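Data from start27.csv: CSV, C-alpha atoms
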chain,number,residue,atom,x,y,z
A,381,MET,CA,-27.2,56.2,109.7
A,382,LYS,CA,-23.8,56.7,111.4
A,383,VAL,CA,-22.9,59.8,113.3
A,384,LYS,CA,-20.9,62.0,110.9
A,385,ASN,CA,-20.6,65.5,112.5
A,386,ALA,CA,-19.8,64.5,116.0
A,387,ASN,CA,-20.4,66.9,118.8
A,388,VAL,CA,-18.3,66.8,122.0
A,389,SER,CA,-20.6,64.2,123.6
A,390,SER,CA,-20.5,62.0,120.6
A,391,LYS,CA,-16.7,62.3,120.4
A,392,LYS,CA,-16.4,61.3,124.0
A,393,THR,CA,-18.7,58.3,123.4
A,394,LYS,CA,-16.6,57.2,120.5
A,395,GLN,CA,-13.4,57.5,122.5
A,396,LEU,CA,-15.1,55.4,125.3
A,397,ILE,CA,-16.0,52.8,122.8
A,398,LYS,CA,-12.5,52.7,121.3
A,399,ASP,CA,-10.8,52.6,124.7
A,400,ASN,CA,-12.9,49.6,125.8
A,401,PHE,CA,-12.4,47.9,122.4
A,402,ILE,CA,-8.6,48.1,122.8
A,403,GLU,CA,-8.8,46.7,126.3
A,404,LEU,CA,-11.0,43.8,125.1
A,405,LEU,CA,-8.8,43.2,122.2
A,406,PHE,CA,-5.8,43.0,124.5
A,407,GLU,CA,-7.6,40.5,126.7
A,408,LYS,CA,-9.0,38.4,124.0
A,409,LYS,CA,-6.0,38.6,121.6
A,410,ASP,CA,-8.4,37.8,118.8
A,411,ILE,CA,-10.7,40.4,117.1
A,412,LYS,CA,-13.2,37.6,116.4
A,413,LYS,CA,-13.7,37.1,120.1
A,414,VAL,CA,-14.5,40.8,120.8
A,415,LYS,CA,-18.3,40.9,120.8
A,416,VAL,CA,-20.5,44.1,120.8
A,417,THR,CA,-22.5,42.8,123.7
A,418,GLU,CA,-19.4,42.6,125.9
A,419,LEU,CA,-18.1,45.9,124.6
A,420,VAL,CA,-21.2,47.9,125.3
A,421,LYS,CA,-21.6,46.3,128.8
A,422,ARG,CA,-18.0,47.3,129.6
A,423,ALA,CA,-18.4,50.8,128.2
A,424,ASN,CA,-21.7,51.2,130.0
A,425,ILE,CA,-23.6,52.2,126.9
A,426,ASP,CA,-26.5,50.5,125.0
A,427,ARG,CA,-26.2,48.7,121.7
A,428,THR,CA,-28.1,51.4,119.9
A,429,THR,CA,-25.4,53.9,120.9
A,430,PHE,CA,-22.7,51.6,119.6
A,431,TYR,CA,-24.5,51.0,116.3
A,432,SER,CA,-25.1,54.7,115.9
A,433,HIS,CA,-21.4,55.0,115.5
A,434,TYR,CA,-20.2,51.7,114.0
A,435,ASP,CA,-21.7,49.0,111.8
A,436,ASN,CA,-19.8,46.3,113.7
A,437,ILE,CA,-16.6,45.5,115.5
A,438,TYR,CA,-14.6,45.4,112.3
A,439,SER,CA,-15.7,49.0,111.3
A,440,LEU,CA,-14.6,50.1,114.7
A,441,ALA,CA,-11.2,48.4,114.1
A,442,GLN,CA,-11.0,50.0,110.7
A,443,GLU,CA,-11.6,53.4,112.1
A,444,PHE,CA,-8.8,52.9,114.6
A,445,GLU,CA,-6.4,51.8,111.8
A,446,ASP,CA,-7.6,54.7,109.6
A,447,GLU,CA,-6.8,57.3,112.2
A,448,PHE,CA,-3.2,56.1,112.4
A,449,ILE,CA,-2.9,56.0,108.6
A,450,ASP,CA,-4.3,59.5,108.5
A,451,LEU,CA,-1.6,60.7,110.8
A,452,ILE,CA,1.0,59.3,108.4
A,453,ASP,CA,-0.8,60.8,105.4
A,454,LEU,CA,-0.8,64.3,107.0
A,455,GLU,CA,3.0,64.1,107.2
A,456,ILE,CA,3.8,62.4,103.9
A,457,GLU,CA,3.2,65.4,101.7
A,458,LYS,CA,5.7,67.5,103.7
A,459,ILE,CA,8.5,65.0,103.3
A,460,ASN,CA,11.0,65.6,100.5
A,461,ASP,CA,14.5,64.9,101.9
A,462,TYR,CA,16.3,63.0,104.7
A,463,GLU,CA,15.8,65.8,107.2
A,464,ASP,CA,12.1,65.7,106.6
A,465,LEU,CA,12.1,61.9,106.8
A,466,PHE,CA,13.9,62.0,110.1
A,467,LEU,CA,11.5,64.5,111.5
A,468,PHE,CA,8.7,62.2,110.4
A,469,PHE,CA,10.2,59.3,112.3
A,470,ASP,CA,10.5,61.4,115.4
A,471,LYS,CA,6.8,62.4,115.1
A,472,MET,CA,5.7,58.8,114.7
A,473,LYS,CA,7.8,57.8,117.7
A,474,ASP,CA,6.1,60.5,119.7
A,475,ILE,CA,2.7,59.3,118.6
A,476,VAL,CA,3.5,55.8,119.7
A,477,LYS,CA,5.0,56.9,123.0
A,478,ASN,CA,2.0,59.1,123.8
A,479,ASN,CA,-0.4,56.2,123.1
A,480,GLU,CA,1.9,53.4,124.1
A,481,ASP,CA,-0.7,51.4,126.0
A,482,LYS,CA,-3.1,51.5,123.0
A,483,TYR,CA,-0.4,50.3,120.5
A,484,ARG,CA,0.9,47.8,123.0
A,485,MET,CA,-2.5,46.2,123.2
A,486,VAL,CA,-2.9,46.2,119.4
A,487,GLY,CA,0.6,44.6,119.1
A,488,VAL,CA,-0.4,41.5,121.0
A,489,SER,CA,-3.7,40.9,119.1
A,490,ASP,CA,-4.5,39.4,115.8
A,491,PHE,CA,-5.7,42.8,114.7
A,492,TYR,CA,-2.0,43.8,114.6
A,493,PHE,CA,-1.6,42.1,111.2
A,494,ASN,CA,-3.9,44.4,109.3
A,495,PHE,CA,-2.8,47.4,111.2
A,496,TYR,CA,0.9,46.5,110.5
A,497,ASN,CA,0.3,45.9,106.8
A,498,SER,CA,-1.3,49.3,106.2
A,499,ALA,CA,1.2,51.4,108.1
A,500,ASN,CA,4.1,49.3,106.8
A,501,TYR,CA,3.1,49.9,103.1
A,502,LYS,CA,2.7,53.7,103.6
A,503,ILE,CA,6.1,54.0,105.3
A,504,LYS,CA,7.9,51.9,102.7
A,505,GLU,CA,6.5,54.1,99.9
A,506,LEU,CA,7.7,57.2,101.8
A,507,VAL,CA,11.2,55.9,102.4
A,508,TYR,CA,11.5,54.7,98.8
A,509,LYS,CA,10.4,58.1,97.5
A,510,VAL,CA,12.9,60.0,99.6
A,511,VAL,CA,15.9,57.7,99.1
A,512,SER,CA,15.3,57.5,95.3
A,513,ASN,CA,14.9,61.3,95.1
A,514,GLN,CA,18.2,61.8,97.0
A,515,ASN,CA,20.0,59.1,95.1
A,516,PRO,CA,18.5,59.0,91.6
A,517,SER,CA,21.3,56.7,90.2
A,518,ILE,CA,20.5,53.8,92.7
A,519,ASP,CA,19.2,50.6,91.2
A,520,LYS,CA,15.4,50.6,91.7
A,521,ASP,CA,15.2,46.9,92.5
A,522,GLU,CA,18.0,47.0,94.9
A,523,LEU,CA,16.5,50.1,96.6
A,524,ASN,CA,13.1,48.3,96.8
A,525,PHE,CA,14.9,45.4,98.5
A,526,ARG,CA,16.7,47.6,101.0
A,527,VAL,CA,13.6,49.6,101.8
A,528,ASN,CA,11.6,46.4,102.5
A,529,VAL,CA,14.3,45.0,104.7
A,530,LEU,CA,14.7,48.3,106.6
A,531,VAL,CA,11.0,49.0,107.2
A,532,ASP,CA,10.1,45.4,108.0
A,533,GLY,CA,13.0,45.3,110.5
A,534,VAL,CA,12.0,48.5,112.1
A,535,PHE,CA,8.4,47.3,112.5
A,536,THR,CA,9.7,44.1,114.1
A,537,GLN,CA,11.8,46.1,116.6
A,538,VAL,CA,8.9,48.4,117.5
A,539,ILE,CA,6.6,45.4,118.0
A,540,LYS,CA,9.3,43.8,120.2
A,541,TYR,CA,9.5,47.0,122.2
A,542,LEU,CA,5.7,47.1,122.6
A,543,THR,CA,5.2,43.5,123.5
A,544,ASP,CA,8.3,42.3,125.3
A,545,LYS,CA,8.7,43.9,128.7
A,546,ASN,CA,12.3,42.7,128.8
A,547,TYR,CA,13.3,44.1,125.5
A,548,LYS,CA,16.4,46.3,126.0
A,549,TYR,CA,15.9,48.9,123.3
A,550,ASP,CA,13.4,51.7,123.5
A,551,LEU,CA,11.8,53.8,120.8
A,552,ASP,CA,14.4,56.5,121.0
A,553,PHE,CA,17.2,54.0,120.4
A,554,ILE,CA,15.3,52.4,117.5
A,555,VAL,CA,14.6,55.7,115.8
A,556,GLU,CA,18.1,57.0,116.2
A,557,ASN,CA,19.5,53.8,114.6
A,558,ILE,CA,17.1,54.0,111.7
A,559,LYS,CA,18.5,57.5,111.0
A,560,LYS,CA,22.0,56.0,111.0
A,561,ILE,CA,21.1,53.2,108.7
A,562,ILE,CA,19.4,55.4,106.1

As structure tokens, how would this structure be written, given the file I've shared?
Amino acid sequence: MKVKNANVSSKKTKQLIKDNFIELLFEKKDIKKVKVTELVKRANIDRTTFYSHYDNIYSLAQEFEDEFIDLIDLEIEKINDYEDLFLFFDKMKDIVKNNEDKYRMVGVSDFYFNFYNSANYKIKELVYKVVSNQNPSIDKDELNFRVNVLVDGVFTQVIKYLTDKNYKYDLDFIVENIKKII
């Protein structure tokens, strides 16, 4: 049975596991190459401790992804217009900035694909909702196309920022330009 009501010690252990998982993922670049044995050794815990929190490496990865999606979901209900949407973009930017190393490591691994798809889908829904509410006469197919191009492009720019040390645009620039485009 997995730990449900985590105390402080359990939360610290889970964070230790996640931090070491992200480091291994960064090194290996492939989630299939991240093994529990190596993870527990690096985190200086035993296998039983790992398995008291997670079923396997994929359930750990899923929890990491779910935490980010939960952050998006917390904000989505509050968003009704462009001003709310722009505040949302600023919050997401701050979350990525405050956890930049973690998201940079995810961005260079194969785990990025699932993570990207989940977040991308949520944000597309959100942008579509706001723009269609603010512009009810807009053609729905055209709006869908525009939202897809915009959000896919934004994610591409964020990933470039996270993975290319020589990329000349930072998150502030990216987010400010999203606001201009919308």

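Relative to atom CA of Tyr496 of chain A, atom CA of Pro516 of chain A is found at 28.7 Å.
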
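When only C-alpha atoms are used to compute distances to Phe448 of chain A, the closest of the residues A:Tyr483, A:Tyr541, A:Phe535, A:Tyr547 turns out to be A:Tyr483.
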
message = Show me, as a list in words, the residues that have an atom within 12 Å of Ser512 of chain A when counting all atoms listed in the file, minus same-chain residues fewer than 4 positions from it.
response = Asn460, Asp461, Tyr462, Lys504, Glu505, Leu506, Val507, Tyr508, Pro516, Ser517, Ile518, Asp519, Lys520, Asp521, Glu522, Leu523, Asn524, Arg526, Val527 and Ile562 of chain A

Sorted by chain and rising residue number, list the residues of segment 403-482 of chain A at most 9 Å from segment 548-555 of chain A (counting all atoms listed in the file), each with its closest atom pair and distance in Å to one decimal, as a Markdown table.
| residue | atom | partner | partner_atom | distance |
| --- | --- | --- | --- | --- |
| A:Phe466 | CA | A:Val555 | CA | 8.5 |
| A:Phe469 | CA | A:Val555 | CA | 6.7 |
| A:Asp470 | CA | A:Val555 | CA | 7.0 |
| A:Lys473 | CA | A:Leu551 | CA | 6.5 |
| A:Asp474 | CA | A:Leu551 | CA | 8.9 |
| A:Val476 | CA | A:Leu551 | CA | 8.6 |
| A:Lys477 | CA | A:Leu551 | CA | 7.8 |

Could those selected residues go to a file with C-alpha atoms, as a tab-separated table (two decimals), in the coordinates of the input?
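File written: selection.tsv
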chain	number	residue	atom	x	y	z
A	466	PHE	CA	13.90	62.00	110.10
A	469	PHE	CA	10.20	59.30	112.30
A	470	ASP	CA	10.50	61.40	115.40
A	473	LYS	CA	7.80	57.80	117.70
A	474	ASP	CA	6.10	60.50	119.70
A	476	VAL	CA	3.50	55.80	119.70
A	477	LYS	CA	5.00	56.90	123.00

ask   = atom CA of Glu403 of chain A to atom CA of Arg484 of chain A: how many Å, to one decimal?
value = 10.3 Å

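Picture a line from atom CA of Phe444 of chain A to atom CA of Val538 of chain A; it runs 18.5 Å.
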
key: Best match for closeness to Val486 of chain A among A:Asn500, A:Gln537, A:Asn515, A:Thr543, counting only C-alpha atoms   = A:Thr543

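Each of A:Met485, A:Ile459, A:Lys471, A:Asp544 was compared to Lys409 of chain A using only C-alpha atoms, and A:Met485 turns out to be the nearest.
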
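With only C-alpha atoms as the atoms that count, the residue of A:Ile558, A:Leu440, A:Val511, A:Leu396 with the shortest distance to Lys421 of chain A is A:Leu396.
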
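You can rank A:Val420, A:Val414, A:Ala441, A:Ile449 by their closest distance to Ala499 of chain A using only C-alpha atoms, and at the top of that list sits A:Ile449.
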
remark   = Counting only C-alpha atoms, the residue among A:Lys412, A:Lys394, A:Lys502, A:Lys482 that lies closest to Asp450 of chain A is A:Lys502
